[in-house]
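Quick look at protein_21.txt (compact mmCIF, C-alpha atoms):
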```txt
# COMPACT_ATOMS: atom_id res chain seq x y z
CA MET A 103 -41.07 8.95 47.70
CA ASN A 104 -42.62 5.77 46.39
CA LEU A 105 -40.04 3.38 47.81
CA GLU A 106 -42.38 0.39 47.43
CA GLN A 107 -42.56 0.96 43.70
CA LEU A 108 -38.76 1.15 43.53
CA LYS A 109 -38.49 -2.20 45.32
CA GLN A 110 -41.12 -3.72 43.03
CA ASP A 111 -39.31 -2.46 39.94
CA ALA A 112 -35.98 -3.79 41.21
CA LYS A 113 -37.59 -7.14 41.90
CA ALA A 114 -39.26 -7.29 38.48
CA ALA A 115 -36.06 -6.33 36.67
CA LEU A 116 -34.14 -9.10 38.45
CA GLU A 117 -36.90 -11.64 37.87
CA ASP A 118 -37.32 -11.09 34.16
CA GLY A 119 -33.58 -10.75 33.54
CA ARG A 120 -33.52 -7.12 32.44
CA ALA A 121 -30.87 -6.76 35.14
CA THR A 122 -28.70 -9.31 36.90
CA LEU A 123 -27.69 -6.94 39.65
CA VAL A 124 -29.30 -3.91 41.27
CA ILE A 125 -26.98 -1.38 42.89
CA GLY A 126 -28.86 0.76 45.34
CA PHE A 127 -28.82 1.56 49.04
CA ARG A 128 -29.75 -0.08 52.30
CA ASP A 129 -29.75 0.87 55.95
CA ARG A 130 -26.91 -0.25 58.14
CA ALA A 131 -27.21 0.96 61.72
CA SER A 132 -29.30 3.92 60.45
CA GLU A 133 -26.60 4.82 57.96
CA CYS A 134 -27.17 4.63 54.23
CA VAL A 135 -24.68 2.30 52.55
CA PRO A 136 -24.52 0.89 49.01
CA ALA A 137 -26.39 -2.37 48.48
CA PHE A 138 -25.77 -4.98 45.80
CA VAL A 139 -28.94 -6.89 45.21
CA ALA A 140 -28.50 -9.97 43.06
CA SER A 141 -31.79 -11.80 43.66
CA ALA A 142 -35.40 -10.66 43.82
CA ASP A 143 -35.94 -11.83 47.39
CA GLN A 144 -33.28 -9.37 48.62
CA ALA A 145 -34.90 -6.37 46.98
CA ASP A 146 -36.90 -5.51 50.09
CA ALA A 147 -33.70 -4.34 51.76
CA LEU A 148 -33.49 -1.39 49.36
CA THR A 149 -34.02 2.07 50.74
CA TYR A 150 -33.39 5.63 49.66
CA ASP A 151 -33.16 9.07 51.25
CA ASP A 152 -31.16 12.31 50.99
CA THR A 153 -28.19 10.85 52.85
CA CYS A 154 -27.59 8.23 50.14
CA ILE A 155 -24.75 10.22 48.64
CA ALA A 156 -22.56 7.52 47.04
CA ASN A 157 -22.46 7.66 43.25
CA THR A 158 -23.66 4.20 42.20
CA ALA A 159 -22.25 4.70 38.70
CA ALA A 160 -18.74 4.42 40.21
CA TYR A 161 -19.25 0.67 40.62
CA LEU A 162 -19.73 0.14 36.90
CA ARG A 163 -15.98 0.08 36.27
CA LYS A 164 -15.44 -2.84 38.67
CA PRO A 165 -14.77 -6.02 36.69
CA GLU A 166 -17.12 -8.06 38.88
CA VAL A 167 -19.91 -5.58 38.13
CA ARG A 168 -19.02 -5.20 34.45
CA GLU A 169 -19.36 -8.89 33.83
CA ARG A 170 -22.89 -8.79 35.24
CA ARG A 171 -24.23 -6.21 32.81
CA PRO A 172 -27.03 -5.28 32.35
CA VAL A 173 -27.02 -3.72 35.78
CA ALA A 174 -29.78 -1.62 37.33
CA LEU A 175 -28.73 1.46 39.32
CA VAL A 176 -30.60 3.58 41.81
CA ALA A 177 -29.62 7.03 40.58
CA ARG A 178 -30.34 10.63 41.55
CA PRO A 179 -30.02 13.37 38.90
CA GLU A 180 -26.27 13.93 39.44
CA VAL A 181 -25.68 10.20 39.09
CA MET A 182 -27.83 10.12 35.96
CA ARG A 183 -25.62 12.85 34.53
CA SER A 184 -22.59 10.69 35.30
CA LEU A 185 -24.21 7.88 33.32
CA VAL A 186 -24.88 10.13 30.34
CA LEU A 187 -21.25 11.28 30.48
CA LEU A 188 -20.01 7.70 30.61
CA LYS A 189 -22.09 7.06 27.49
CA ALA A 190 -20.62 10.18 25.86
CA GLU A 191 -17.14 8.85 26.63
CA ASN A 192 -18.01 5.45 25.14
CA GLN A 193 -17.79 3.67 28.46
CA LEU A 194 -21.40 2.61 28.47
CA THR A 195 -24.19 1.75 26.05
CA ASP A 196 -27.96 1.82 26.45
CA ASP A 197 -27.92 -1.97 26.84
CA ASP A 198 -25.56 -1.93 29.80
CA VAL A 199 -27.69 -0.21 32.39
CA LEU A 200 -31.21 0.27 33.62
CA VAL A 201 -31.87 3.30 35.80
CA LEU A 202 -34.15 3.38 38.82
CA ALA A 203 -34.43 7.14 38.74
CA VAL A 204 -34.97 9.12 41.92
CA GLY A 205 -35.06 12.88 42.28
CA GLY A 206 -35.80 14.57 45.57
CA ASP A 207 -39.11 13.09 46.74
CA THR A 208 -40.03 11.65 43.39
CA TYR A 209 -39.46 8.19 42.01
CA HIS A 210 -39.43 8.34 38.23
CA GLY A 211 -39.54 4.61 37.57
CA VAL A 212 -37.34 2.40 35.38
CA LEU A 213 -35.60 4.33 32.63
CA THR A 214 -33.13 3.60 29.85
CA LEU A 215 -30.12 5.84 29.28
CA SER A 216 -31.96 7.70 26.52
CA ASP A 217 -34.97 8.24 28.81
CA VAL A 218 -32.60 9.54 31.44
CA GLU A 219 -31.21 12.14 29.06
CA ALA A 220 -34.72 13.37 28.30
CA LEU A 221 -35.72 13.43 31.97
CA LEU A 222 -32.62 15.41 32.94
CA ASN A 223 -33.22 18.03 30.29
CA GLU A 224 -36.90 18.32 31.10
CA GLN A 225 -36.86 18.35 34.88
CA TYR A 226 -33.32 18.72 36.18
CA ALA A 227 -31.76 21.17 33.76
CA GLU A 228 -30.88 23.60 36.55
CA LEU A 229 -29.00 21.54 39.10
CA ALA A 230 -26.90 23.75 41.35
CA PRO A 231 -24.23 22.81 43.86
CA GLU A 232 -24.93 23.43 47.52
CA ALA A 233 -25.24 27.10 48.46
CA GLU A 234 -22.64 26.58 51.20
CA THR A 235 -20.07 25.43 48.66
CA LEU A 236 -20.72 28.41 46.41
CA ALA A 237 -20.51 30.83 49.34
CA GLU A 238 -17.21 29.30 50.45
CA ILE A 239 -15.80 29.59 46.91
CA GLU A 240 -16.73 33.27 46.91
CA ARG A 241 -15.15 33.76 50.31
CA LEU A 242 -11.91 32.19 49.07
CA GLU A 243 -11.91 34.19 45.86
CA ALA A 244 -12.14 37.42 47.85
CA MET A 245 -8.91 36.48 49.65
CA THR A 246 -5.39 37.31 48.54
CA ALA A 247 -3.36 34.57 46.85
CA GLU A 248 -1.29 34.19 50.05
CA GLU A 249 -4.40 33.65 52.16
CA ARG A 250 -5.75 31.11 49.70
CA ALA A 251 -2.39 29.34 49.70
CA ALA A 252 -2.50 29.19 53.51
CA PHE A 253 -6.05 27.82 53.42
CA TRP A 254 -5.13 25.06 50.97
CA ALA A 255 -1.84 24.30 52.70
CA GLU A 256 -3.82 23.56 55.84
CA GLN A 257 -6.54 21.58 54.04
CA LEU A 258 -4.24 19.54 51.83
CA ALA A 259 -1.87 18.74 54.69
CA LYS A 260 -4.63 16.45 55.96
CA CYS A 261 -4.65 14.31 52.81
CA THR A 262 -3.32 10.79 53.41
CA ARG A 263 -3.55 9.86 49.71
CA CYS A 264 -5.97 7.03 50.33
CA TYR A 265 -7.58 7.82 46.94
CA ALA A 266 -11.07 7.32 48.33
CA CYS A 267 -12.03 10.40 46.28
CA ARG A 268 -10.91 8.59 43.16
CA ALA A 269 -12.64 5.34 44.09
CA ALA A 270 -15.91 7.18 44.74
CA CYS A 271 -15.92 8.89 41.35
CA PRO A 272 -17.49 7.24 38.30
CA MET A 273 -15.40 9.41 35.98
CA CYS A 274 -12.07 8.25 37.45
CA TYR A 275 -11.97 5.11 35.37
CA CYS A 276 -8.45 5.26 33.92
CA GLU A 277 -6.87 1.85 34.23
CA ARG A 278 -3.61 3.55 35.06
CA CYS A 279 -4.14 6.77 36.96
CA ILE A 280 -1.54 9.51 36.63
CA VAL A 281 -0.65 9.04 40.28
CA GLU A 282 0.36 5.45 39.53
CA ARG A 283 2.49 6.34 36.55
CA ASN A 284 6.10 6.15 37.68
CA VAL A 285 8.16 6.44 34.51
CA PRO A 286 8.47 9.33 35.05
CA GLN A 287 6.86 9.70 38.40
CA TRP A 288 4.77 12.82 38.16
CA ILE A 289 3.28 12.79 41.60
CA SER A 290 5.22 11.71 44.65
CA THR A 291 3.61 8.79 46.45
CA ALA A 292 5.78 9.08 49.54
CA ALA A 293 3.95 8.95 52.85
CA ARG A 294 4.39 12.63 53.45
CA GLU A 295 2.78 15.89 52.49
CA HIS A 296 4.77 16.22 49.29
CA GLY A 297 2.53 15.37 46.36
CA ASN A 298 -0.75 16.26 48.06
CA TYR A 299 -1.14 19.51 46.17
CA ALA A 300 -0.30 17.98 42.80
CA TRP A 301 -2.66 15.06 43.39
CA ASN A 302 -5.66 17.09 44.50
CA VAL A 303 -5.24 19.77 41.84
CA ILE A 304 -4.68 17.35 38.99
CA ARG A 305 -7.61 15.19 40.13
CA ALA A 306 -9.88 18.22 39.96
CA PHE A 307 -8.46 19.20 36.58
CA HIS A 308 -8.82 15.75 35.06
CA LEU A 309 -12.51 16.08 35.94
CA ALA A 310 -12.84 19.44 34.19
CA GLY A 311 -16.04 19.33 32.17
CA ARG A 312 -16.68 15.81 33.46
CA CYS A 313 -17.71 16.45 37.05
CA THR A 314 -21.43 16.45 37.75
CA GLU A 315 -20.95 17.79 41.29
CA CYS A 316 -22.53 14.74 42.89
CA GLY A 317 -20.45 15.24 46.03
CA ALA A 318 -19.48 11.58 46.42
CA CYS A 319 -15.73 12.31 46.56
CA GLU A 320 -16.07 14.83 49.36
CA ALA A 321 -18.38 12.52 51.26
CA ALA A 322 -15.87 9.70 50.83
CA CYS A 323 -12.90 11.73 52.07
CA PRO A 324 -12.02 10.45 55.54
CA GLN A 325 -10.05 13.62 56.25
CA GLY A 326 -12.86 16.05 55.50
CA ILE A 327 -11.03 17.93 52.76
CA PRO A 328 -13.49 20.25 50.97
CA LEU A 329 -12.96 18.71 47.53
CA MET A 330 -16.19 20.16 46.20
CA LEU A 331 -14.64 23.62 46.35
CA LEU A 332 -12.17 22.52 43.68
CA ASN A 333 -14.74 20.59 41.66
CA SER A 334 -17.39 23.29 41.76
CA LEU A 335 -14.91 26.02 40.89
CA VAL A 336 -13.84 24.13 37.77
CA ALA A 337 -17.46 23.26 36.94
CA ARG A 338 -18.43 26.91 37.23
CA GLU A 339 -15.59 27.97 34.92
CA VAL A 340 -16.52 25.25 32.44
CA ARG A 341 -20.09 26.48 32.41
CA ASP A 342 -19.40 30.22 32.39
CA THR A 343 -16.41 30.23 30.05
CA TYR A 344 -17.24 27.46 27.61
CA GLY A 345 -21.00 27.15 28.11
CA SER A 346 -20.79 23.43 28.72
CA ARG A 347 -23.18 21.46 30.94
CA PRO A 348 -21.68 18.01 31.25
CA GLY A 349 -24.03 15.08 31.48
CA TYR A 350 -27.01 16.45 29.59
CA ASP A 351 -26.08 15.33 26.10
CA ALA A 352 -24.43 12.03 25.22
CA GLU A 353 -23.41 13.46 21.83
CA ALA A 354 -21.69 16.54 23.26
CA GLU A 355 -17.97 17.02 22.73
CA PRO A 356 -15.81 17.03 25.84
CA VAL A 357 -14.72 20.47 27.04
CA ILE A 358 -11.08 19.45 27.29
CA GLY A 359 -10.36 17.75 24.00
CA SER A 360 -12.36 20.10 21.82
CA TRP A 361 -11.90 23.77 21.00
CA ASN A 362 -13.44 26.73 19.34
CA LYS A 363 -11.77 29.48 17.34
CA GLU A 364 -13.67 32.01 19.41
CA ASP A 365 -12.38 30.76 22.78
CA GLY A 366 -11.36 33.67 24.98
CA GLU A 367 -7.68 34.51 25.25
CA ASP A 368 -7.59 37.68 27.32
CA PHE A 369 -4.97 35.98 29.52
CA ILE A 370 -2.59 35.39 26.60
CA ARG A 371 -0.01 38.02 25.70
CA MET B 138 30.65 44.38 41.29
CA THR B 139 30.12 46.01 44.68
CA GLN B 140 27.83 43.15 45.60
CA ALA B 141 30.37 40.59 44.57
CA SER B 142 33.03 42.20 46.72
CA ALA B 143 30.62 42.43 49.65
CA LYS B 144 30.05 38.69 49.41
CA PRO B 145 33.29 37.17 48.27
CA ASP B 146 31.94 33.58 48.31
CA ALA B 147 28.77 34.30 46.39
CA ASP B 148 29.93 32.39 43.34
CA THR B 149 30.81 29.18 45.11
CA ASP B 150 28.36 26.28 45.33
CA THR B 151 28.25 26.31 49.11
CA ASP B 152 26.93 29.83 49.23
CA VAL B 153 24.02 29.57 46.82
CA ALA B 154 21.39 30.17 49.50
CA GLN B 155 22.92 33.50 50.40
CA GLU B 156 23.05 34.77 46.86
CA GLU B 157 20.71 37.60 46.07
CA TRP B 158 17.37 36.26 44.89
CA THR B 159 16.62 36.56 41.23
CA PRO B 160 13.52 35.20 39.48
CA ARG B 161 13.63 31.67 38.16
CA ILE B 162 11.17 31.36 35.31
CA VAL B 163 10.46 28.11 33.49
CA ALA B 164 9.25 28.57 29.92
CA PHE B 165 7.51 25.74 28.12
CA VAL B 166 7.63 26.65 24.45
CA CYS B 167 6.71 24.98 21.20
CA ASN B 168 9.31 23.86 18.72
CA TRP B 169 7.88 25.63 15.70
CA CYS B 170 7.09 29.18 16.75
CA THR B 171 8.24 30.39 20.13
CA TYR B 172 11.44 28.37 20.21
CA ALA B 173 12.27 29.65 16.75
CA GLY B 174 11.37 33.14 17.99
CA ALA B 175 13.76 32.73 20.91
CA ASP B 176 16.37 31.51 18.47
CA LEU B 177 15.84 34.58 16.33
CA ALA B 178 16.23 36.78 19.41
CA GLY B 179 19.57 35.05 19.98
CA THR B 180 20.86 35.23 16.43
CA SER B 181 19.73 38.87 16.26
CA ARG B 182 21.90 39.50 19.34
CA LEU B 183 18.93 40.85 21.30
CA GLN B 184 19.61 41.08 25.01
CA TYR B 185 17.04 39.67 27.37
CA ALA B 186 16.95 38.71 31.03
CA PRO B 187 18.82 35.46 31.77
CA ASN B 188 16.14 34.37 34.24
CA VAL B 189 14.25 32.11 31.93
CA ARG B 190 14.88 28.39 31.48
CA ILE B 191 13.46 27.30 28.17
CA ILE B 192 12.04 23.81 27.73
CA LYS B 193 11.23 22.99 24.14
CA LEU B 194 8.31 20.72 23.32
CA PRO B 195 6.81 19.79 19.97
CA CYS B 196 3.67 21.85 20.53
CA THR B 197 1.80 23.75 23.24
CA GLY B 198 -0.78 21.00 22.92
CA ARG B 199 1.85 18.64 24.31
CA ILE B 200 2.25 20.66 27.50
CA ASP B 201 0.61 18.68 30.25
CA PRO B 202 -0.69 20.64 33.28
CA MET B 203 1.55 18.33 35.28
CA PHE B 204 4.60 20.12 33.79
CA ILE B 205 3.48 23.36 35.39
CA LEU B 206 2.81 21.76 38.74
CA LYS B 207 6.21 20.11 38.60
CA ALA B 208 7.96 23.38 37.81
CA PHE B 209 6.39 25.13 40.80
CA GLU B 210 7.04 22.10 42.98
CA GLN B 211 10.73 22.17 42.12
CA GLY B 212 11.19 25.84 42.86
CA ALA B 213 10.18 27.91 39.84
CA ASP B 214 9.02 31.42 40.72
CA ALA B 215 6.91 31.66 37.59
CA VAL B 216 5.94 29.64 34.54
CA LEU B 217 5.52 30.76 30.95
CA VAL B 218 3.72 28.76 28.31
CA SER B 219 4.19 30.04 24.79
CA GLY B 220 3.40 28.80 21.32
CA CYS B 221 2.18 29.65 17.86
CA HIS B 222 -0.48 32.26 17.21
CA PRO B 223 -3.99 30.87 16.62
CA GLY B 224 -4.19 29.47 13.12
CA ASP B 225 -0.41 28.99 12.87
CA CYS B 226 -0.06 25.68 14.69
CA HIS B 227 2.26 23.25 12.92
CA TYR B 228 -0.18 20.51 13.92
CA THR B 229 -3.24 22.57 12.98
CA SER B 230 -4.97 22.73 16.34
CA GLY B 231 -2.53 22.06 19.20
CA ASN B 232 -2.52 25.67 20.35
CA TYR B 233 -6.33 25.80 20.32
CA HIS B 234 -6.42 22.79 22.61
CA ALA B 235 -3.78 24.40 24.83
CA ARG B 236 -5.67 27.69 24.99
CA ARG B 237 -8.77 25.99 26.29
CA ARG B 238 -6.80 23.88 28.77
CA TRP B 239 -4.96 26.91 30.20
CA GLY B 240 -8.14 28.96 30.34
CA LEU B 241 -9.40 26.50 32.93
CA PHE B 242 -6.18 25.38 34.57
CA ARG B 243 -4.96 28.86 35.45
CA ARG B 244 -8.23 29.49 37.31
CA LEU B 245 -7.69 26.35 39.34
CA LEU B 246 -4.11 27.37 40.15
CA GLU B 247 -5.19 30.85 41.18
CA PHE B 248 -7.93 29.39 43.34
CA THR B 249 -5.49 27.11 45.14
CA GLY B 250 -3.07 29.89 45.94
CA ILE B 251 -0.71 30.39 43.00
CA ASP B 252 -0.72 34.09 42.28
CA ALA B 253 -1.85 34.99 38.74
CA ARG B 254 1.31 37.10 38.56
CA ARG B 255 3.32 33.88 38.30
CA LEU B 256 1.44 32.41 35.34
CA PHE B 257 2.18 33.67 31.85
CA PHE B 258 0.84 32.64 28.49
CA SER B 259 1.79 34.09 25.15
CA TRP B 260 1.83 33.61 21.42
CA VAL B 261 5.23 34.28 19.89
CA SER B 262 5.84 33.43 16.25
CA ALA B 263 9.13 32.44 14.64
CA ALA B 264 9.45 35.99 13.29
CA GLU B 265 8.90 37.68 16.64
CA GLY B 266 12.40 37.64 18.13
CA GLN B 267 11.89 41.14 19.44
CA LYS B 268 8.56 40.23 21.01
CA PHE B 269 10.20 37.28 22.76
CA ALA B 270 13.01 39.40 24.18
CA ASP B 271 10.56 42.08 25.34
CA LEU B 272 8.25 39.49 26.83
CA ILE B 273 11.00 37.85 28.87
CA ASN B 274 12.22 41.23 30.12
CA GLN B 275 8.69 42.22 31.05
CA ILE B 276 7.74 39.06 32.88
CA THR B 277 11.10 38.96 34.66
CA ASP B 278 10.35 42.45 35.98
CA GLU B 279 6.87 41.42 37.02
CA VAL B 280 8.09 38.33 38.84
CA ARG B 281 10.77 40.40 40.52
CA GLN B 282 7.98 42.63 41.82
CA ALA B 283 5.98 39.62 42.98
CA GLY B 284 9.03 38.31 44.86
CA PRO B 285 10.19 34.75 45.45
CA PHE B 286 7.55 32.02 45.32
CA ASP B 287 6.72 31.37 48.95
CA ALA B 288 8.33 28.19 50.28
CA THR B 289 5.22 27.54 52.39
CA ASN B 290 2.93 27.54 49.34
CA PRO B 291 1.22 24.13 49.09
CA ALA B 292 2.41 23.87 45.47
CA ARG B 293 6.04 23.79 46.60
CA LYS B 294 7.83 20.59 47.44
CA ARG B 295 7.01 19.73 51.02
CA LEU B 296 8.93 17.25 53.09
```
Can you give me the file's structure in the form of structure tokens?
Amino acid sequence: MNLEQLKQDAKAALEDGRATLVIGFRDRASECVPAFVASADQADALTYDDTCIANTAAYLRKPEVRERRPVALVARPEVMRSLVLLKAENQLTDDDVLVLAVGGDTYHGVLTLSDVEALLNEQYAELAPEAETLAEIERLEAMTAEERAAFWAEQLAKCTRCYACRAACPMCYCERCIVERNVPQWISTAAREHGNYAWNVIRAFHLAGRCTECGACEAACPQGIPLMLLNSLVAREVRDTYGSRPGYDAEAEPVIGSWNKEDGEDFIR
Amino acid sequence: MTQASAKPDADTDTDVAQEEWTPRIVAFVCNWCTYAGADLAGTSRLQYAPNVRIIKLPCTGRIDPMFILKAFEQGADAVLVSGCHPGDCHYTSGNYHARRRWGLFRRLLEFTGIDARRLFFSWVSAAEGQKFADLINQITDEVRQAGPFDATNPARKRL
């Protein structure tokens, strides 16, 4: 990948004021961590490889980042889809961000949100989740309900409700998350297992038709809970049942929040 | 009667746990169609299983997925969501929204270990008292077959 060009572009954007902040990645003890580059002379620290899994769009909701718009983001295709979705949900305009688009081994240069939409549809229209995730979903679906319950009981027992999954996700931008609503309190926040199921299931459901399967939540989970199983299952149902591909069209209606007279109802008596 | 005499304390509060298990079904129904349908079943003196606890809401579109999670958490063996037939919604489109929501949400519940035999959705109009009574009898039978909702299920309240 043309990393030098990416650095040059970041530098140029900061110098001519098209961006006041570049959110990308740098090496820290051979680990890829997010980098916030505010001046051109720091741009050389930027790096990028396959292990840079954090979704940079998640930082856009932070007040200290918001006030610095326009912001430039190093974004892979899944992250670009998040940006298009944020635009679709009126959280972002073309003027707010500049995208340093990366995809696999290719650096696509500096793009606007509209360019990003075109690029996604032309070159990344068939993004698929990891084969391992899909295989594991199939394995679980072949189980009985009791076996699946036992699997999730074990997985969700590990959850400490740190909400790192929420913090890592660009689509979790509610100012008051359901888990913080306490009149009435829907989800127990006690320091025990109770509430783990409700939290993890409702988190996945609130992302129905909004998840781009970037994998940042699962990577952020300190307990190693396979969150992508939930996300990818819902994403698959959204795609197969309602034909929706979130993040490819900023004008598209949200899956939850719109309807069609022809929607299937074979499950309704 | 024989059961009652075998367990003389079965009707006291202290002996609830030893009572014979019978399905506990929570029904979230809309004000305009299914609730009126249930009302019609009542005023028509139709008998149906007493295992259902009806919670009336303005519209199926008002039924948050959280309600369903809460019901299972608090010990329901099954949940029914019921509202107006497509096209009949008092608020024009609430039931269409609900239909789409449940189409996805039930898949997520099944995937995380809630048996599909514990999730029921139906359209019952204000004129369908008989349908409501039949439906409740049917799903009560089905839940009885499925048995009590496992206390070790992750969806149940865990302390």
Please report, as CSV, each residue of chain A lying at most 8 Å from chain B, together with the nearest pair of atoms and the separation in Å rounded to one decimal; use all atoms listed in the file, and order rows by chain and ascending residue number.
```
residue,atom,partner,partner_atom,distance
A:Leu242,CA,B:Phe248,CA,7.5
A:Glu243,CA,B:Phe248,CA,6.7
A:Ala247,CA,B:Gly250,CA,4.8
A:Glu248,CA,B:Gly250,CA,6.2
A:Glu249,CA,B:Gly250,CA,7.4
A:Arg250,CA,B:Gly250,CA,4.8
A:Ala251,CA,B:Gly250,CA,3.9
A:Ala252,CA,B:Asn290,CA,7.0
A:Trp254,CA,B:Thr249,CA,6.2
A:Ala255,CA,B:Pro291,CA,4.7
A:Leu258,CA,B:Pro291,CA,7.6
A:Trp288,CA,B:Met203,CA,7.0
A:Arg294,CA,B:Leu296,CA,6.5
A:Glu295,CA,B:Arg295,CA,5.9
A:His296,CA,B:Arg295,CA,4.5
A:Gly297,CA,B:Lys294,CA,7.5
A:Tyr299,CA,B:Ala292,CA,5.7
A:Ala300,CA,B:Leu206,CA,6.4
A:Val303,CA,B:Leu245,CA,7.5
A:Ile304,CA,B:Met203,CA,7.3
A:Phe307,CA,B:Phe242,CA,6.9
A:Ala310,CA,B:Leu241,CA,8.0
A:Leu332,CA,B:Leu245,CA,7.3
A:Leu335,CA,B:Leu245,CA,7.4
A:Val336,CA,B:Leu245,CA,6.7
A:Glu339,CA,B:Leu241,CA,6.7
A:Val340,CA,B:Leu241,CA,7.2
A:Ile358,CA,B:Arg238,CA,6.3
A:Gly359,CA,B:His234,CA,6.5
A:Ser360,CA,B:His234,CA,6.6
A:Trp361,CA,B:His234,CA,5.8
A:Asn362,CA,B:Tyr233,CA,7.2
A:Lys363,CA,B:Tyr233,CA,7.2
A:Asp365,CA,B:Arg237,CA,6.9
A:Gly366,CA,B:Gly240,CA,7.8
A:Glu367,CA,B:Arg236,CA,7.1
A:Phe369,CA,B:Phe258,CA,6.8
A:Ile370,CA,B:Phe258,CA,4.8
A:Arg371,CA,B:Ser259,CA,4.4
```
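The coordinates place atom CA of Leu331 of chain A at 26.9 Å from atom CA of Ala203 of chain A.
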Set up a box along x, y and z of the file covering all listed atoms of segment 214-223 of chain A, add 6 Å on every one of the six sides, and write the centre and edge lengths in Å to one decimal, as lines of an AutoDock Vina configuration file.
```
center_x = -32.9
center_y = 10.8
center_z = 29.7
size_x = 17.6
size_y = 26.4
size_z = 18.4
```
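Between Gln184 of chain B and the residues B:Asp201, B:Asp271, B:Asp214, B:Asp278, the shortest atom-to-atom distance, using all atoms listed in the file, involves B:Asp271.
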Around the point (-19.8, 16.9, 33.4), in the coordinates given by the file, pick out the residues reaching within 8 Å, counting only C-alpha atoms, and return them as an mmCIF file with C-alpha atoms, keeping the file's coordinate frame.
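As written to disk, part_23.cif reads:
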```cif
data_model
loop_
_atom_site.group_PDB
_atom_site.id
_atom_site.type_symbol
_atom_site.label_atom_id
_atom_site.label_comp_id
_atom_site.auth_asym_id
_atom_site.auth_seq_id
_atom_site.Cartn_x
_atom_site.Cartn_y
_atom_site.Cartn_z
ATOM 1 C CA ARG A 183 -25.620 12.850 34.530
ATOM 2 C CA SER A 184 -22.590 10.690 35.300
ATOM 3 C CA LEU A 187 -21.250 11.280 30.480
ATOM 4 C CA LEU A 309 -12.510 16.080 35.940
ATOM 5 C CA ALA A 310 -12.840 19.440 34.190
ATOM 6 C CA GLY A 311 -16.040 19.330 32.170
ATOM 7 C CA ARG A 312 -16.680 15.810 33.460
ATOM 8 C CA CYS A 313 -17.710 16.450 37.050
ATOM 9 C CA THR A 314 -21.430 16.450 37.750
ATOM 10 C CA ALA A 337 -17.460 23.260 36.940
ATOM 11 C CA ARG A 347 -23.180 21.460 30.940
ATOM 12 C CA PRO A 348 -21.680 18.010 31.250
ATOM 13 C CA GLY A 349 -24.030 15.080 31.480
#
```
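Across the model, the gap from atom CA of Thr262 of chain A to atom CA of Cys319 of chain A is 14.3 Å.
Excluding segment 188-197 of chain A and any residue on its chain fewer than 3 positions from it, the residues at most 9 Å away by all atoms listed in the file are Ala159, Leu162, Arg163, Arg171, Pro172, Arg183, Ser184, Leu185, Leu200, Thr214, Leu215, Ser216, Pro272, Met273, Gly349, Asp351, Ala352, Glu353, Ala354, Glu355 and Pro356 of chain A.
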Can you write out the residues you just picked, keeping C-alpha atoms, as a PDB file, in the coordinates of the input?
```pdb
ATOM      1  CA  ALA A 159     -22.250   4.700  38.700  1.00  0.00           C
ATOM      2  CA  LEU A 162     -19.730   0.140  36.900  1.00  0.00           C
ATOM      3  CA  ARG A 163     -15.980   0.080  36.270  1.00  0.00           C
ATOM      4  CA  ARG A 171     -24.230  -6.210  32.810  1.00  0.00           C
ATOM      5  CA  PRO A 172     -27.030  -5.280  32.350  1.00  0.00           C
ATOM      6  CA  ARG A 183     -25.620  12.850  34.530  1.00  0.00           C
ATOM      7  CA  SER A 184     -22.590  10.690  35.300  1.00  0.00           C
ATOM      8  CA  LEU A 185     -24.210   7.880  33.320  1.00  0.00           C
ATOM      9  CA  LEU A 200     -31.210   0.270  33.620  1.00  0.00           C
ATOM     10  CA  THR A 214     -33.130   3.600  29.850  1.00  0.00           C
ATOM     11  CA  LEU A 215     -30.120   5.840  29.280  1.00  0.00           C
ATOM     12  CA  SER A 216     -31.960   7.700  26.520  1.00  0.00           C
ATOM     13  CA  PRO A 272     -17.490   7.240  38.300  1.00  0.00           C
ATOM     14  CA  MET A 273     -15.400   9.410  35.980  1.00  0.00           C
ATOM     15  CA  GLY A 349     -24.030  15.080  31.480  1.00  0.00           C
ATOM     16  CA  ASP A 351     -26.080  15.330  26.100  1.00  0.00           C
ATOM     17  CA  ALA A 352     -24.430  12.030  25.220  1.00  0.00           C
ATOM     18  CA  GLU A 353     -23.410  13.460  21.830  1.00  0.00           C
ATOM     19  CA  ALA A 354     -21.690  16.540  23.260  1.00  0.00           C
ATOM     20  CA  GLU A 355     -17.970  17.020  22.730  1.00  0.00           C
ATOM     21  CA  PRO A 356     -15.810  17.030  25.840  1.00  0.00           C
TER      22      PRO A 356
END
```
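Distance cut-off 9 Å, centre (1.3, 31.2, 13.4), atoms counted all atoms listed in the file; the residues meeting this are Trp169, Cys170, Gly220, Cys221, His222, Pro223, Gly224, Asp225, Cys226, His227, Trp260, Val261, Ser262 and Ala263 of chain B.
Using all atoms listed in the file, the smallest distance between any of A:Ala270, A:Val135, A:Ala306, A:Ala140 and Asn157 of chain A comes from A:Ala270.
Atom CA of Asp143 of chain A is positioned 13.8 Å from atom CA of Leu108 of chain A.
Across A:Ser346, A:Thr208, A:Thr158, A:Asn302, the tightest approach to Met330 of chain A is made by A:Asn302 when counting all atoms listed in the file.
Each of B:Arg190, B:Arg199, B:Arg255, B:Arg182 was compared to Glu279 of chain B using all atoms listed in the file, and B:Arg255 turns out to be the nearest.
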List the neighbours of Ile155 of chain A out to 9 Å using only C-alpha atoms; skip same-chain residues closer than 2 positions along the sequence, and give me the result as a compact mmCIF listing (two decimals) with C-alpha atoms, in the frame of the given file.
```txt
# COMPACT_ATOMS: atom_id res chain seq x y z
CA CYS A 134 -27.17 4.63 54.23
CA VAL A 135 -24.68 2.30 52.55
CA ASP A 151 -33.16 9.07 51.25
CA ASP A 152 -31.16 12.31 50.99
CA THR A 153 -28.19 10.85 52.85
CA ASN A 157 -22.46 7.66 43.25
CA THR A 158 -23.66 4.20 42.20
CA CYS A 316 -22.53 14.74 42.89
CA GLY A 317 -20.45 15.24 46.03
CA ALA A 318 -19.48 11.58 46.42
CA ALA A 321 -18.38 12.52 51.26
```
